[in-house]
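Asks: Below is the structure I would like to discuss, written out as structure tokens.
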Amino acid sequence: MFSAEQNCWFVRKVVCWRAAASIAWAVLLLPPVTALFVVLSRVSLFHPIEWITECLSILTSASTMFSFVLLCGVVVVVGFFNLEYYTVTPSIACSKIALLAQLLHPRQCLHAVVHCIMGVIVAWCCAFTIGPRYQNLASVCTLVDGDPQLCLNEYHLVLILFGAFVGYSHSLFGVMHNMNYVPFHAVQQYKYLRFKGNLPLVVKCSAIQSLYFTRNFLAVYFFLGYIPRSWLCDTLSLQSNRFVLLVVPYLLITHACIVHSIREVLHIFSFRAPDRDPYLIGHYIYMCSSMVHPSLPSSLNPLDSIAGLLDLAMLYHLWISGTFLLLTWYLTVLLFRVFVTEVYNFPVQSAFTEQADRCLPKVLPGQQPMVLKFLALQDLALLSQHAPSRRAQVFSLSQPGGHPHNWNALSSECLSLLADLTQRLVAHHETVAINGRAKLHSAGSDKKSVSSDSSGLSATQDISTPRSAFLRSAGAAAPMSPNTGPFTSDLDSPFSSRALRRLAPHLVPSSPWSETVQSPHLLRRGPQLWSASTDTRTSGSLSPSPTSAPCPHPAESKPSPVTQFLHNRKEQVKHFLGRRVLVMYLFNKLPEASSQALFADSQSHIWALEGLSHLVAASFTEDKFGVVQTTLPSILGSMLVLQEAVDRHFKLPHASSKPLRSACSMGDCTSKTLRFALRATLKTAIYRITTTFGHHLNAIKMSAEHRKRLQQFLEYKE
Amino acid sequence: MCSLAFFPPPLSPGKITLCETNNELVSTESCQKQDYGPLSLYFPRESLKPHSRTENSSKAAFLQHSETLWIRSATSWREAGLTGLLEEIVNSSTEAPKWLSVSSGCVLALLQRVSSLHGALFPHLKLSSENMIAEFSQVLNWSDCAVRAFAWHPHTEKFAVALLDDSIKIYNPKSATPPTLKHRLQRSVASVQWKPLCASALAVACQTCLLVWHVDPCSLSIRPSSGCAQVLSHPGHSPVTSIAWSPSGSLLVSASPVDTSMMVWDVAAESSVPLQRVGGGGVSFLSWSPDGSHVLAATPAPLFRVWETRMWTCERWPSLKGRCESGCWSPDGSRLLFTIQGEAVIYSLTFSDTTGTMKGSKAAAVVADLSETTFTTPAGDIIVGGEVQLLAWDPRGERLAVLLKGDSEAAARPAMIAVFKTRNDPIFELLPCGFIQGEPGAEPRLMQFSPNFPHGAMLTVCWSNGRITHVPFYFLSAGVPHLGLNGSPAMPQPEERLVDHGNSTLFTELCS
């Protein structure tokens, strides 16, 4: 329908331009950041004049220009990836396996590989600017016999590998910390001020993050560093032809750039003598390097030793290069976020037919793209608070006919959003309750069987091995494989619901078996193993994980013997798998993740609530035709129902536990606390309506239950 | 322009202001009649133990100095940051290597130089945090006052009182036992405020952080656990001396005289956005206009800012003589009254805000002269006037209470509350109403108008002897209702009885 067209115009005309502007600003910010990097990377406190003149000469040299062009390319590519991968609803992995699936998704792999390459390019540019120690892959070293020859410069290799490592880690962290999530802020500010306010945070963040990456890299290089080094050495010494093919152009470009002229590069490559000898070129390189930098460091002691890695200058250079790399990328991310989340003013109604599809009532109900819906809702929330003239348009009637089309479209969309969330919460609550009830039922029967069993047991029965009792009670139910083992850990296994874990001790507190014995009925219930994926499905198929194909609850269907058998087999397999530590670790549900996933797109609900409540409050004085009055009962009703569902949800374990605050990361913190924000906004929204209308609300028709609830609000007792 | 000379003389000592009715203040001799319901409270200063432990003084007495230098350095780094670390190294120079102690001594000296330079620019940074709160709190003589902060709930008849012993009590006429809020971090409370459009949330400005209590109004618990409190803190943002909720209940701003940025908190998400402006050296006082469109942010320097809350840009008002001490907004948010330290006048600024940009007056106008005036009473001459500590405007915009500092040394110059009658429409007018006096020897320390008193206005005053009294002003509102002409809808008051008396004098009703 028109959504595709809408999609077109908004993404084409707004989002793309905003992204382009953000990339342009990121490129414009590159020179000062690069200059800062050059100054800091060559810092020498004891020779300040030398330091400054050196920096100036580097900054004005042609090689810097060349690497600057490269850096611009990197920033553009990173910005493009930001545009392609951003999302306004965070994807929350409910278990480790889902996270793994996200990481191994081809799209994500592409992201990682490209960022790896970008990291290498940036590190190469850094190696250039930092100084002679890092500039070449090969350097001249003097062996024992005094004959100078080419050998590998490991510092260069370390820096290049570090770039790749940081690039990959950046991509990895992006997934783990939802860095592609674009959060919207409660406080509106102009773009420049928002950028300025966030700048110190970004600098701090990249410095700290770079420190961690350096540490991790050193650990990795200490253990695995010999692989790339020996590979390169082999290539250098044994297969000289391949070495020439691969490495010599690289070295030539490097050298030509050092000698401050791009022309020279062209000159070398145009030098197409038929009898071009690899040795000659190598000699040329040697001459070059000895001319420009007479004292190249030798790489005789390998760097993947503790002494080699604890080179303070190298550590500093690694850290500052990592900071530079992350800073440029984070700045791109920050600018992208600032530009994309900028308020977009949708007209409420338009006199021109070609703009009719771009009006708020038309834009709001669309599903795709999400950013359009979010910006439209944000605009609705803002206009309801700050723009009386636009509010008047919302309350107005259509000219021929006199229908409140604008208000109807806006309010029905907001109400459907709220109803959607309510439904989601109720469904979630019900699955938890079903799990709990199944458990409860089985636990009850279990109690009976156990008590009957235990009466027959002798008092000397070893309590710590309840297996015999289990086997006896389970004998009729299912053929158990010997792999099932003792069931002592069942209550703590990932497959038992948390609700039961709380319930079980209360149910059979007197029995010594209460902690240890469980019947196999319990295992037949809908397995928790897959419920993580059903959660992700309910939250709007957020994760593109291929493994999140959910398995339907088998407990509900009427069992035929065959299905029963299959079912039992499946249970056995699952149970067998559930016992393995790795599987358990992977499938273990992350606490509060399901709650976070339920509220992942709650920013839209928050705006819907704010917009509705402010419009209703404003209608008390501004609504001349009474258009709001007709929908007031349904608005109040849906808010109260949602309030009830939210209250019930927050009684679940882990739902009301606050996430740990990460002090410094570019990832989002807001997505984890959206449910608290939603709860507070919902309450405030209901209070806003009750405070405005006061006792007039008694004239509204609503159910007794809702009236009772509303009375609580009118008396300020919620 | 109104001045104190037009005021009726203060009452003779021993008389207590009871209420305003029939356009004049009624006084009485006895203390008992003054009670307004069960909400009149008395907190004797002697019954409250101030929190006397200071963190640094007791540290050396108890801590075993047997740990190694590195552990101690790590502790002091965590406790006092870089300066603490350097001090620790310099103090234990016998253990540390010589180069380390010498270099850290140099760095420490350098840091102290820089900070002293910074302190010379902004003298308030030299104060200790207790003294800073006392200096910038809205309470007169905060450090010695039994009641340190007071807040009416914006919608219901309940209020919170922060006491000298760092506890907060919540009083409600319907419940007999007030809940007491205590928290480990609740020290030196400078200000409390209830969240609008919410029954339970109370924000508390403390010495090190910001607490938001969620006190369930239906709960019968007398001591809510500290799990009911959210702790909001930001490095470098302490002590917090002023907080303000947005009237729509969604945002909370907090200010510290040390921090140049004021924080805008999304309390539920516990996230904050710093709004930084360097000039002024900090933010000491905040006041959000009732219509939600502007925020007054005073700094310790002779400068204040008025933020508009849509895009959070600010107008800078470099005032001439001193820092802005107190300010209050008219109910429709169109007029700001403020006072300046060292000047005995009330200034007024107008804002006409329709499109989100500020178009106000170019200069502040003097609307009242509060210079010292001598009144002759039977007990002798009393000098009233001078600097202003606090301004309070009632929610209908009809009465303005001004707390005059007086001079605590001189008996003839007591702190005094002067009340003006105000009218905002068609022209702004201030008319004298009278002085409010308490028991003999008691000075007013803090005052606030009750946000929903149906028969006029009610001023709650906290006195120096620990008494909290309520002074009602009975009148009928003469103004026309303010419909939402300005950006955000004004909060309608359902019970308001609107009587349009045109230009007639203030109409009063008899109270029994």
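We label chains A, B, ... in the order they appear in the structure tokens, count residues from 1 in each chain, and number ligands from 1 in the order shown.
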Show me, as a ChimeraX atom specification, the residues that have an atom within 9 Å of B:Leu303 when counting only C-alpha atoms, minus same-chain residues fewer than 6 positions from it.
Replies: /B:279-280,316-320,322-324
Asks: I'd like the neighbourhood of A:Pro404 as a list in words, where a residue qualifies if any of its atoms comes within 10 Å (using only C-alpha atoms), though same-chain residues fewer than 5 positions away should be ignored.
Replies: Gln393, Val394, Phe395, Ser396, Leu397, Ser398, Gln399, Ala409, Phe625, Gly626, Val627 and Val628 of chain A
Asks: What's around A:Gln712 at 12 Å? Count only C-alpha atoms, leave out sequence neighbours fewer than 3 positions away in its own chain, and write the answer as JSON, numbers by chain.
Replies: {"A": [640, 683, 686, 687, 690, 705, 706, 707, 708, 709, 715, 716, 717, 718], "B": [198, 199, 217, 218]}
Asks: Would you mind listing, as a ChimeraX atom specification, all residues of chain A that have at least one atom within 8 Å of chain B, where only C-alpha atoms are what counts?
Replies: /A:186-190,197,385-388,617-618,621-622,670,673-674,676-677,680-681,683-684,687-688,691-694,716-718
Asks: Report the distance between atom CA of B:Ile243 and atom CA of B:Ile133 in Å, rounded to one decimal place.
Replies: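 A separation of 12.8 Å between them.
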Asks: From the list B:Phe43, B:Trp142, B:Phe304, B:Phe420, which residue is nearest B:Leu446 when using only C-alpha atoms?
Replies: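 Counting only C-alpha atoms, the residue closest to B:Leu446 is B:Trp142.
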Asks: Can you tell me, as a PyMOL selection string, which residues in stretch 27-168 of chain B count as strand (DSSP E or B) by DSSP?
Replies: chain B and resi 27-28+41-42+147-152+159-163+168
Asks: Closest to A:Phe80 among A:Ile117, A:Ile23, A:Leu310, A:Cys151, using only C-alpha atoms?
Replies: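 Selected residue with least distance to A:Phe80: A:Ile23.
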Asks: Excluding same-chain residues fewer than 4 positions from A:Leu678, what lies within 8 Å of it counting only C-alpha atoms, as a JSON list (two decimals) with N, CA and C atoms, in the first residue's frame?
Replies:
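The result, stored in part_35.json:
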[["chain", "number", "residue", "atom", "x", "y", "z"],
["A", 602, "SER", "N", 9.23, 0.47, 23.89],
["A", 602, "SER", "CA", 8.31, 1.24, 24.72],
["A", 602, "SER", "C", 8.45, 2.75, 24.58],
["A", 603, "GLN", "N", 9.52, 3.18, 23.93],
["A", 603, "GLN", "CA", 9.61, 4.62, 23.71],
["A", 603, "GLN", "C", 8.38, 5.11, 22.95],
["A", 605, "HIS", "N", 5.40, 3.84, 23.11],
["A", 605, "HIS", "CA", 4.25, 3.87, 24.01],
["A", 605, "HIS", "C", 4.33, 5.06, 24.95],
["A", 606, "ILE", "N", 5.56, 5.39, 25.35],
["A", 606, "ILE", "CA", 5.71, 6.55, 26.23],
["A", 606, "ILE", "C", 5.21, 7.80, 25.52],
["A", 674, "LEU", "N", 13.66, 1.28, 30.01],
["A", 674, "LEU", "CA", 12.45, 1.79, 29.37],
["A", 674, "LEU", "C", 11.20, 1.39, 30.14],
["A", 682, "LEU", "N", 3.04, 6.29, 32.51],
["A", 682, "LEU", "CA", 1.64, 5.85, 32.52],
["A", 682, "LEU", "C", 0.91, 6.44, 33.72]]
Asks: Neighbours of stretch 361-363 of chain A within 10 Å (only C-alpha atoms; same-chain residues fewer than 2 positions away dropped), as a ChimeraX atom specification?
Replies: /A:2-3,6-7,10,346-349,356-359,365-368,372-373,375-377,380,394,405-413
Asks: Residues of the last selection are to be written out with N, CA, C and O atoms, as a short mmCIF file (atom, residue, chain, number, x, y, z; two decimals), in the first residue's frame.
Replies:
data_model
loop_
_atom_site.label_atom_id
_atom_site.label_comp_id
_atom_site.auth_asym_id
_atom_site.auth_seq_id
_atom_site.Cartn_x
_atom_site.Cartn_y
_atom_site.Cartn_z
N PHE A 2 0.37 2.27 0.68
CA PHE A 2 1.15 3.50 0.61
C PHE A 2 2.37 3.46 1.49
O PHE A 2 3.22 4.33 1.42
N SER A 3 2.45 2.45 2.32
CA SER A 3 3.57 2.44 3.26
C SER A 3 4.90 2.35 2.52
O SER A 3 5.87 2.97 2.93
N GLN A 6 5.53 5.77 1.32
CA GLN A 6 5.93 6.57 2.46
C GLN A 6 7.37 6.30 2.81
O GLN A 6 8.17 7.22 2.99
N ASN A 7 7.62 5.03 2.91
CA ASN A 7 8.96 4.56 3.18
C ASN A 7 9.94 5.27 2.27
O ASN A 7 10.93 5.85 2.72
N PHE A 10 10.21 9.20 2.99
CA PHE A 10 10.83 9.63 4.23
C PHE A 10 12.30 9.24 4.29
O PHE A 10 13.15 10.06 4.62
N PHE A 346 5.87 17.20 11.39
CA PHE A 346 4.88 16.76 10.41
C PHE A 346 3.70 17.72 10.47
O PHE A 346 3.27 18.06 11.57
N PRO A 347 3.18 18.12 9.33
CA PRO A 347 1.97 18.94 9.40
C PRO A 347 0.79 18.11 9.87
O PRO A 347 0.70 16.92 9.57
N VAL A 348 -0.09 18.74 10.65
CA VAL A 348 -1.26 18.00 11.12
C VAL A 348 -2.24 17.81 9.99
O VAL A 348 -2.80 16.74 9.77
N GLN A 349 -2.47 18.87 9.24
CA GLN A 349 -3.29 18.73 8.04
C GLN A 349 -2.75 19.68 7.00
O GLN A 349 -2.12 20.68 7.32
N ALA A 356 -0.72 15.40 1.46
CA ALA A 356 -1.69 14.79 2.37
C ALA A 356 -1.13 13.51 2.97
O ALA A 356 -1.42 13.19 4.12
N ASP A 357 -0.32 12.81 2.20
CA ASP A 357 0.23 11.56 2.72
C ASP A 357 1.33 11.78 3.74
O ASP A 357 1.76 10.84 4.40
N ARG A 358 1.79 13.00 3.84
CA ARG A 358 2.86 13.27 4.78
C ARG A 358 2.35 13.91 6.06
O ARG A 358 3.14 14.41 6.85
N CYS A 359 1.06 13.94 6.22
CA CYS A 359 0.51 14.54 7.43
C CYS A 359 0.55 13.54 8.57
O CYS A 359 0.58 12.33 8.36
N PRO A 365 -0.10 5.79 11.57
CA PRO A 365 -0.45 4.37 11.62
C PRO A 365 0.47 3.45 10.83
O PRO A 365 0.39 2.24 10.98
N GLY A 366 1.33 4.01 9.98
CA GLY A 366 2.20 3.16 9.18
C GLY A 366 3.15 2.37 10.06
O GLY A 366 3.53 2.80 11.14
N GLN A 367 3.56 1.23 9.57
CA GLN A 367 4.46 0.39 10.36
C GLN A 367 5.92 0.58 9.96
O GLN A 367 6.81 0.50 10.79
N GLN A 368 6.14 0.79 8.69
CA GLN A 368 7.52 0.88 8.21
C GLN A 368 7.77 2.23 7.57
O GLN A 368 6.87 2.77 6.95
N LEU A 372 10.27 6.43 11.08
CA LEU A 372 9.21 7.37 10.72
C LEU A 372 8.14 7.38 11.79
O LEU A 372 7.69 8.43 12.24
N LYS A 373 7.75 6.20 12.22
CA LYS A 373 6.72 6.09 13.25
C LYS A 373 7.19 6.75 14.54
O LYS A 373 6.45 7.48 15.19
N LEU A 375 9.49 9.09 14.93
CA LEU A 375 9.57 10.55 14.82
C LEU A 375 8.18 11.17 14.81
O LEU A 375 7.98 12.25 15.37
N ALA A 376 7.23 10.46 14.20
CA ALA A 376 5.87 10.99 14.18
C ALA A 376 5.30 11.01 15.60
O ALA A 376 4.66 11.99 16.01
N LEU A 377 5.57 9.95 16.36
CA LEU A 377 5.06 9.92 17.74
C LEU A 377 5.74 10.98 18.59
O LEU A 377 5.11 11.62 19.43
N LEU A 380 4.14 14.14 17.84
CA LEU A 380 2.82 14.21 18.47
C LEU A 380 2.96 14.60 19.94
O LEU A 380 2.25 15.48 20.44
N VAL A 394 -5.62 19.61 15.58
CA VAL A 394 -6.00 18.24 15.95
C VAL A 394 -7.46 18.20 16.38
O VAL A 394 -8.20 17.27 16.03
N HIS A 405 -11.63 13.90 11.90
CA HIS A 405 -10.77 12.86 11.34
C HIS A 405 -9.39 12.86 11.96
O HIS A 405 -8.83 11.80 12.26
N ASN A 406 -8.84 14.07 12.17
CA ASN A 406 -7.47 14.14 12.71
C ASN A 406 -7.41 13.48 14.07
O ASN A 406 -6.56 12.63 14.34
N TRP A 407 -8.30 13.90 14.94
CA TRP A 407 -8.29 13.36 16.31
C TRP A 407 -8.55 11.86 16.29
O TRP A 407 -7.89 11.11 17.00
N ASN A 408 -9.49 11.44 15.46
CA ASN A 408 -9.81 10.01 15.43
C ASN A 408 -8.59 9.19 15.01
O ASN A 408 -8.28 8.16 15.62
N ALA A 409 -7.92 9.66 13.95
CA ALA A 409 -6.77 8.89 13.46
C ALA A 409 -5.68 8.83 14.53
O ALA A 409 -5.13 7.76 14.82
N LEU A 410 -5.38 9.99 15.13
CA LEU A 410 -4.30 10.03 16.12
C LEU A 410 -4.65 9.19 17.34
O LEU A 410 -3.86 8.37 17.80
N SER A 411 -5.85 9.40 17.87
CA SER A 411 -6.18 8.71 19.11
C SER A 411 -6.32 7.21 18.88
O SER A 411 -5.88 6.41 19.72
N SER A 412 -6.88 6.81 17.74
CA SER A 412 -7.04 5.37 17.53
C SER A 412 -5.67 4.70 17.38
O SER A 412 -5.46 3.60 17.88
N GLU A 413 -4.73 5.39 16.74
CA GLU A 413 -3.41 4.79 16.61
C GLU A 413 -2.72 4.66 17.97
O GLU A 413 -2.15 3.62 18.29
#
Asks: Suppose you want the space between atom CA of B:Thr422 and atom CA of B:Trp194; what is it in Å?
Replies: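 Between atom CA of B:Thr422 and atom CA of B:Trp194 the gap works out to 26.3 Å.
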Asks: So, counting only C-alpha atoms, which residue among A:Val220, A:Leu104, A:Val616, A:Cys205 is closest to A:Leu172?
Replies: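 That would be A:Leu104, the residue with the smallest distance to A:Leu172.
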Asks: How far is it from atom CA of A:Leu360 to atom CA of A:His403, in Å with one decimal?
Replies: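 Interatomic distance here is 16.6 Å.
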